[in-house]
Amino acid sequence: MAEVLKGVPAAAKLTEELTARCAALKAGGITPTLATLRVGEKSGDVAYESGASKRCEKIGIALKKIVLPENSTKDEILNRIRMINEDDSIHGCLMCRPLDDKDTERSACELLSPEKDVDCMTDLSLAGVFTGSGTGYPPCTSQACIELLDYYGIDVAGKNVAVIGRSLVIGRPVSMLLMQRNATVTICHSMTKNLPEICRNADILIAAIGRAKFIGADFVSAGQVVIDVGINMDNDGKLVGDVDYEAVEPLVRAITPVPGGVGAVTTAVLAKHVIESAERNS
Ligand code: NAP
C-alpha cells in the first residue's frame with residue numbers, strides 16, 4: 001500500500017507556525033490583512049474564498065472581502081484593485097481567477113502592487129519564480145506541492161520529475177521551483193508524445209491537467225511519488241483529481257489524495273505569504 005501524503009497535517013504545522021508569527025506582528029501593532037476580490041458567484045471561487053478566509057481567521061489574519069456582481073465592468077474591477085493598492089492596512093490580495101474577461105484579468109493582474117501580490121498575479125512575481133531571485137511569491141498551489149514534499153521528507157534533488165501541465169498557475173512555476181531544488185524536470189502538455197512512457201520513467205509525477213482520473217495504471221511504476229493537483233468533478237458529481245486514485249494507489253510508493261491533498265495546503269501557503277508580506281513591511 002502506498003503512503004498517503006495527506007495535506008491536513010502539513011497545513012496544520014504551517015498554521016501553528018504562522019499563528020505565532022501573526023501574534024508577534026500584532027504585538028508590534030501590525031495586523032496582517034488579506035483582501036479577497038471575487039467577481040460573481042462561481043462555486044469554485046466561493047469555495048476557494050471561503051477556505052482562504054477560514055484559514056486566515058484561524059491564524060489571526062484580518063480579512064477585507066470584496067464581492068462584485070458578475071456583470072461588473074472592467075473599470076469597476078480595476079477601481080477595486082486601485083483601492084487595495086492604496087490601502088496601507090492591506091498586505092496581500094487574492095483575486096479569484098480566471099475572470100470571464102481575459103483582457104480585464106490581465107489588466108487587473110498588471111495593476112496590482114507587486115508587494116501585495118501573494119498569489120503570483122503579476123509578471124514581476126512570475127519573473128521572480130523563473131529567475132529564482134526571491135522577489136515576490138510563487139503561486140500558492142505550486143508552492144503547496146513543494147511544502148507537501150518537504151513535510152513528508154521527499155528530497156527532489158537529482159530526481160526525474162514529470163510535470164503534466166504547462167499553465168502559469170501550476171505547471172510551469174512548479175517546474176521552476178523543482179528545478180531550483182535540483183530536480184531534472186520534464187514539462188508535459190497536450191501535444192506531448194509518449195506521455196505514459198515519460199510518466200512511468202519519472203521518480204516523481206505531478207499531475208496538473210484538469211481532467212478527471214486521466215492518470216491511470218499505465219502512467220505509473222513501482223517506487224514513484226504521485227502528486228495530484230487536479231480538482232475535478234466526475235460524472236457522478238464527486239470531487240476527484242487528475243489521477244485515478246483506486247487504480248494508481250496500489251502501484252506506487254506514495255500518493256496525495258483528492259480532496260485532502262495539495263488543496264488542503266494551498267490556503268496555508270496563502271496565509272504564509274500574507275504574513276511574510278506583513279513582516280517585510282514591519
Ligand atoms: P489549465 O490552465 O487548463 O492547464 C492544464 C494543462 O494540462 C495545460 O498545460 C494542458 O496542455 C494540459 N493538458 C490538458 N489535457 C492534456 C492531455 N490530454 N495530455 C497532457 N496534457 C494535457 O489548468 P490549471 O489552471 O493549470 O489547473 C490544472 C488542475 O489543477 C485543474 O484540475 C485545476 O482545478 C487544479 N487546481 C488545483 C488547485 C489546488 O489548490 N489543488 C488550485 C488551482 C487549480 P496545453 O497547454 O497543451 O493545453
# chains A, B, ... in the order shown; residues from 1 in each chain; ligands from 1
$ residues_near_ligand --ligand "ligand 1" --cutoff "10 Å" --atoms "only C-alpha atoms and all ligand atoms" --output "VMD selection string"
chain A and resid 44 48 97 to 98 139 to 145 163 to 173 187 to 193 195 to 196 207 to 212 214 to 215 227 to 233 240 to 242 258 to 267
$ residues_around --residues "Ala24 in chain A" --least-positions-apart "2" --cutoff "12 Å" --atoms "only C-alpha atoms" --output "list of chain:residue names"
A:Glu17, A:Leu18, A:Thr19, A:Ala20, A:Arg21, A:Cys22, A:Lys26, A:Ala27, A:Gly28, A:Gly29, A:Ile30, A:Thr31, A:Pro32, A:Ile59, A:Gly60, A:Ile61, A:Ile275, A:Ala278, A:Glu279, A:Ser282
$ select_by_dssp --residues "range 71-205 of chain A" --states "strand (DSSP E)" --output "mmCIF file with N, CA and C atoms, in the first residue's frame"
data_model
loop_
_atom_site.group_PDB
_atom_site.id
_atom_site.type_symbol
_atom_site.label_atom_id
_atom_site.label_comp_id
_atom_site.auth_asym_id
_atom_site.auth_seq_id
_atom_site.Cartn_x
_atom_site.Cartn_y
_atom_site.Cartn_z
ATOM 1 N N GLY A 92 -1.898 41.810 1.454
ATOM 2 C CA GLY A 92 -1.959 40.857 0.347
ATOM 3 C C GLY A 92 -3.328 40.868 -0.295
ATOM 4 N N CYS A 93 -3.372 40.487 -1.580
ATOM 5 C CA CYS A 93 -4.645 40.456 -2.306
ATOM 6 C C CYS A 93 -4.810 39.113 -3.014
ATOM 7 N N LEU A 94 -5.958 38.499 -2.800
ATOM 8 C CA LEU A 94 -6.290 37.273 -3.532
ATOM 9 C C LEU A 94 -7.474 37.582 -4.442
ATOM 10 N N MET A 95 -7.229 37.587 -5.745
ATOM 11 C CA MET A 95 -8.333 37.766 -6.688
ATOM 12 C C MET A 95 -8.683 36.400 -7.277
ATOM 13 N N ASN A 160 14.214 12.529 -11.281
ATOM 14 C CA ASN A 160 13.491 12.848 -12.518
ATOM 15 C C ASN A 160 12.037 13.111 -12.160
ATOM 16 N N VAL A 161 11.574 14.322 -12.490
ATOM 17 C CA VAL A 161 10.190 14.690 -12.191
ATOM 18 C C VAL A 161 9.457 14.964 -13.504
ATOM 19 N N ALA A 162 8.322 14.313 -13.695
ATOM 20 C CA ALA A 162 7.463 14.635 -14.840
ATOM 21 C C ALA A 162 6.313 15.488 -14.331
ATOM 22 N N VAL A 163 6.171 16.689 -14.912
ATOM 23 C CA VAL A 163 5.058 17.578 -14.579
ATOM 24 C C VAL A 163 4.120 17.574 -15.781
ATOM 25 N N ILE A 164 2.859 17.226 -15.567
ATOM 26 C CA ILE A 164 1.913 17.279 -16.688
ATOM 27 C C ILE A 164 1.082 18.543 -16.530
ATOM 28 N N THR A 184 15.471 17.168 -12.041
ATOM 29 C CA THR A 184 15.508 17.193 -13.505
ATOM 30 C C THR A 184 14.065 17.079 -13.969
ATOM 31 N N VAL A 185 13.563 18.157 -14.582
ATOM 32 C CA VAL A 185 12.118 18.249 -14.811
ATOM 33 C C VAL A 185 11.761 18.112 -16.289
ATOM 34 N N THR A 186 10.775 17.279 -16.566
ATOM 35 C CA THR A 186 10.202 17.193 -17.915
ATOM 36 C C THR A 186 8.797 17.779 -17.847
ATOM 37 N N ILE A 187 8.571 18.875 -18.599
ATOM 38 C CA ILE A 187 7.253 19.517 -18.600
ATOM 39 C C ILE A 187 6.441 18.960 -19.777
ATOM 40 N N CYS A 188 5.312 18.319 -19.464
ATOM 41 C CA CYS A 188 4.476 17.691 -20.495
ATOM 42 C C CYS A 188 3.181 18.490 -20.676
ATOM 43 N N ILE A 204 9.154 11.114 -9.679
ATOM 44 C CA ILE A 204 8.028 11.861 -9.097
ATOM 45 C C ILE A 204 7.140 12.343 -10.246
ATOM 46 N N LEU A 205 5.840 12.167 -10.085
ATOM 47 C CA LEU A 205 4.887 12.572 -11.124
ATOM 48 C C LEU A 205 3.954 13.627 -10.535
#
$ closest_residue --among "A:Glu70, A:Asp119, A:Glu147, A:Asp236" --to "Lys6 in chain A" --atoms "only C-alpha atoms"
A:Glu147
$ select_by_dssp --residues "range 100-261 of chain A" --states "helix (DSSP H, G or I)" --output "PyMOL selection string"
chain A and resi 102-111+114-116+123-131+140-151+171-180+195-200+217-219+245-251
$ closest_residue --among "A:Asn201, A:Ala271, A:Leu177, A:Val252" --to "Ser133 in chain A" --atoms "only C-alpha atoms"
A:Leu177
$ closest_residue --among "A:Asp75, A:Glu3, A:Lys272, A:Tyr245" --to "Pro138 in chain A" --atoms "only C-alpha atoms"
A:Lys272
$ residues_around --residues "Gly40 in chain A" --least-positions-apart "5" --cutoff "8 Å" --atoms "only C-alpha atoms" --output "JSON, numbers by chain"
{"A": [67, 68, 69, 70, 71]}
$ write_last_selection --atoms "C-alpha atoms" --output "PDB file, in the first residue's frame"
ATOM      1  CA  VAL A  67     -17.543  40.784  -3.861  1.00  0.00           C
ATOM      2  CA  LEU A  68     -18.610  42.362  -7.151  1.00  0.00           C
ATOM      3  CA  PRO A  69     -21.563  41.339  -9.307  1.00  0.00           C
ATOM      4  CA  GLU A  70     -20.871  39.073 -12.282  1.00  0.00           C
ATOM      5  CA  ASN A  71     -21.680  41.844 -14.783  1.00  0.00           C
TER       6      ASN A  71
END
$ residues_around --residues "Gly132 in chain A" --least-positions-apart "3" --cutoff "9 Å" --atoms "only C-alpha atoms" --output "JSON, numbers by chain"
{"A": [127, 128, 129, 135, 176, 177, 180]}
$ write_last_selection --atoms "N, CA, C and O atoms" --output "PDB file, in the first residue's frame"
ATOM      1  N   ALA A 127       8.346  36.516 -12.810  1.00  0.00           N
ATOM      2  CA  ALA A 127       9.764  36.624 -13.173  1.00  0.00           C
ATOM      3  C   ALA A 127      10.635  36.168 -12.003  1.00  0.00           C
ATOM      4  O   ALA A 127      11.653  35.500 -12.190  1.00  0.00           O
ATOM      5  N   GLY A 128      10.190  36.502 -10.780  1.00  0.00           N
ATOM      6  CA  GLY A 128      10.933  36.090  -9.588  1.00  0.00           C
ATOM      7  C   GLY A 128      10.993  34.574  -9.460  1.00  0.00           C
ATOM      8  O   GLY A 128      12.012  33.998  -9.076  1.00  0.00           O
ATOM      9  N   VAL A 129       9.880  33.914  -9.825  1.00  0.00           N
ATOM     10  CA  VAL A 129       9.844  32.445  -9.764  1.00  0.00           C
ATOM     11  C   VAL A 129      10.794  31.863 -10.817  1.00  0.00           C
ATOM     12  O   VAL A 129      11.523  30.904 -10.570  1.00  0.00           O
ATOM     13  N   THR A 135      12.242  37.470  -5.401  1.00  0.00           N
ATOM     14  CA  THR A 135      11.304  38.602  -5.436  1.00  0.00           C
ATOM     15  C   THR A 135       9.888  38.046  -5.563  1.00  0.00           C
ATOM     16  O   THR A 135       9.649  37.171  -6.383  1.00  0.00           O
ATOM     17  N   MET A 176       9.694  25.222 -12.205  1.00  0.00           N
ATOM     18  CA  MET A 176      10.829  26.098 -11.846  1.00  0.00           C
ATOM     19  C   MET A 176      11.237  25.884 -10.384  1.00  0.00           C
ATOM     20  O   MET A 176      12.428  25.828 -10.061  1.00  0.00           O
ATOM     21  N   LEU A 177      10.231  25.768  -9.503  1.00  0.00           N
ATOM     22  CA  LEU A 177      10.539  25.568  -8.073  1.00  0.00           C
ATOM     23  C   LEU A 177      11.276  24.246  -7.869  1.00  0.00           C
ATOM     24  O   LEU A 177      12.205  24.154  -7.060  1.00  0.00           O
ATOM     25  N   GLN A 180      14.845  24.607  -9.126  1.00  0.00           N
ATOM     26  CA  GLN A 180      15.678  25.338  -8.161  1.00  0.00           C
ATOM     27  C   GLN A 180      16.184  24.405  -7.070  1.00  0.00           C
ATOM     28  O   GLN A 180      17.201  24.661  -6.437  1.00  0.00           O
TER      29      GLN A 180
END
$ residues_around --residues "Asp218 in chain A" --least-positions-apart "2" --cutoff "9 Å" --atoms "only C-alpha atoms" --output "PyMOL selection string"
chain A and resi 196-197+199-200+215-216+220-221+248
$ write_last_selection --atoms "all heavy atoms" --output "short mmCIF file (atom, residue, chain, number, x, y, z; two decimals), in the first residue's frame"
data_model
loop_
_atom_site.label_atom_id
_atom_site.label_comp_id
_atom_site.auth_asym_id
_atom_site.auth_seq_id
_atom_site.Cartn_x
_atom_site.Cartn_y
_atom_site.Cartn_z
N PRO A 196 2.45 8.43 -21.41
CA PRO A 196 2.51 7.40 -20.36
C PRO A 196 3.94 6.92 -20.10
O PRO A 196 4.34 6.74 -18.95
CB PRO A 196 1.63 6.27 -20.91
CG PRO A 196 0.71 6.95 -21.88
CD PRO A 196 1.51 8.07 -22.49
N GLU A 197 4.74 6.78 -21.17
CA GLU A 197 6.11 6.29 -21.01
C GLU A 197 6.97 7.29 -20.24
O GLU A 197 7.72 6.92 -19.33
CB GLU A 197 6.70 6.04 -22.42
CG GLU A 197 8.05 5.36 -22.38
CD GLU A 197 8.68 5.28 -23.76
OE1 GLU A 197 7.96 5.43 -24.77
OE2 GLU A 197 9.90 5.08 -23.81
N CYS A 199 5.94 9.47 -18.13
CA CYS A 199 5.47 9.47 -16.73
C CYS A 199 5.98 8.23 -15.98
O CYS A 199 6.44 8.35 -14.84
CB CYS A 199 3.94 9.51 -16.69
SG CYS A 199 3.28 11.06 -17.30
N ARG A 200 5.92 7.09 -16.63
CA ARG A 200 6.37 5.84 -15.97
C ARG A 200 7.84 5.92 -15.58
O ARG A 200 8.26 5.36 -14.58
CB ARG A 200 6.17 4.65 -16.93
CG ARG A 200 4.80 4.03 -16.90
CD ARG A 200 4.81 2.63 -17.51
NE ARG A 200 5.37 2.55 -18.85
CZ ARG A 200 4.69 2.78 -19.98
NH1 ARG A 200 3.41 3.11 -19.93
NH2 ARG A 200 5.29 2.68 -21.16
N ILE A 215 -4.94 10.07 -15.21
CA ILE A 215 -3.73 9.27 -14.99
C ILE A 215 -4.12 7.89 -14.44
O ILE A 215 -4.52 7.76 -13.28
CB ILE A 215 -2.79 9.98 -13.98
CG1 ILE A 215 -2.39 11.37 -14.48
CG2 ILE A 215 -1.55 9.14 -13.68
CD1 ILE A 215 -1.57 11.38 -15.74
N GLY A 216 -3.97 6.89 -15.29
CA GLY A 216 -4.33 5.53 -14.90
C GLY A 216 -3.10 4.69 -14.62
O GLY A 216 -1.96 5.20 -14.59
N VAL A 220 2.11 4.92 -14.41
CA VAL A 220 2.92 4.89 -13.18
C VAL A 220 3.74 3.61 -13.08
O VAL A 220 3.52 2.65 -13.82
CB VAL A 220 2.03 5.04 -11.91
CG1 VAL A 220 1.30 6.37 -11.93
CG2 VAL A 220 1.05 3.88 -11.78
N SER A 221 4.72 3.66 -12.15
CA SER A 221 5.53 2.47 -11.90
C SER A 221 5.86 2.39 -10.41
O SER A 221 5.70 3.38 -9.68
CB SER A 221 6.81 2.52 -12.75
OG SER A 221 7.49 3.71 -12.51
N VAL A 248 -4.21 3.69 -9.23
CA VAL A 248 -2.79 4.04 -9.11
C VAL A 248 -2.23 3.75 -7.70
O VAL A 248 -1.08 3.30 -7.56
CB VAL A 248 -2.60 5.55 -9.47
CG1 VAL A 248 -1.24 6.06 -9.05
CG2 VAL A 248 -2.82 5.75 -10.97
#
$ residues_around --residues "range 109-112 of chain A" --least-positions-apart "3" --cutoff "8 Å" --atoms "only C-alpha atoms" --output "list of chain:residue names"
A:Leu78, A:Ile81, A:Arg82, A:Asn85, A:Glu105, A:Arg106, A:Lys116, A:Asp117, A:Met121, A:Thr122, A:Asp123
$ atom_distance --atom1 "CA of Thr36 in chain A" --atom2 "CA of Pro114 in chain A"
15.6 Å
$ atom_distance --atom1 "CA of Arg181 in chain A" --atom2 "CA of Val156 in chain A"
6.6 Å
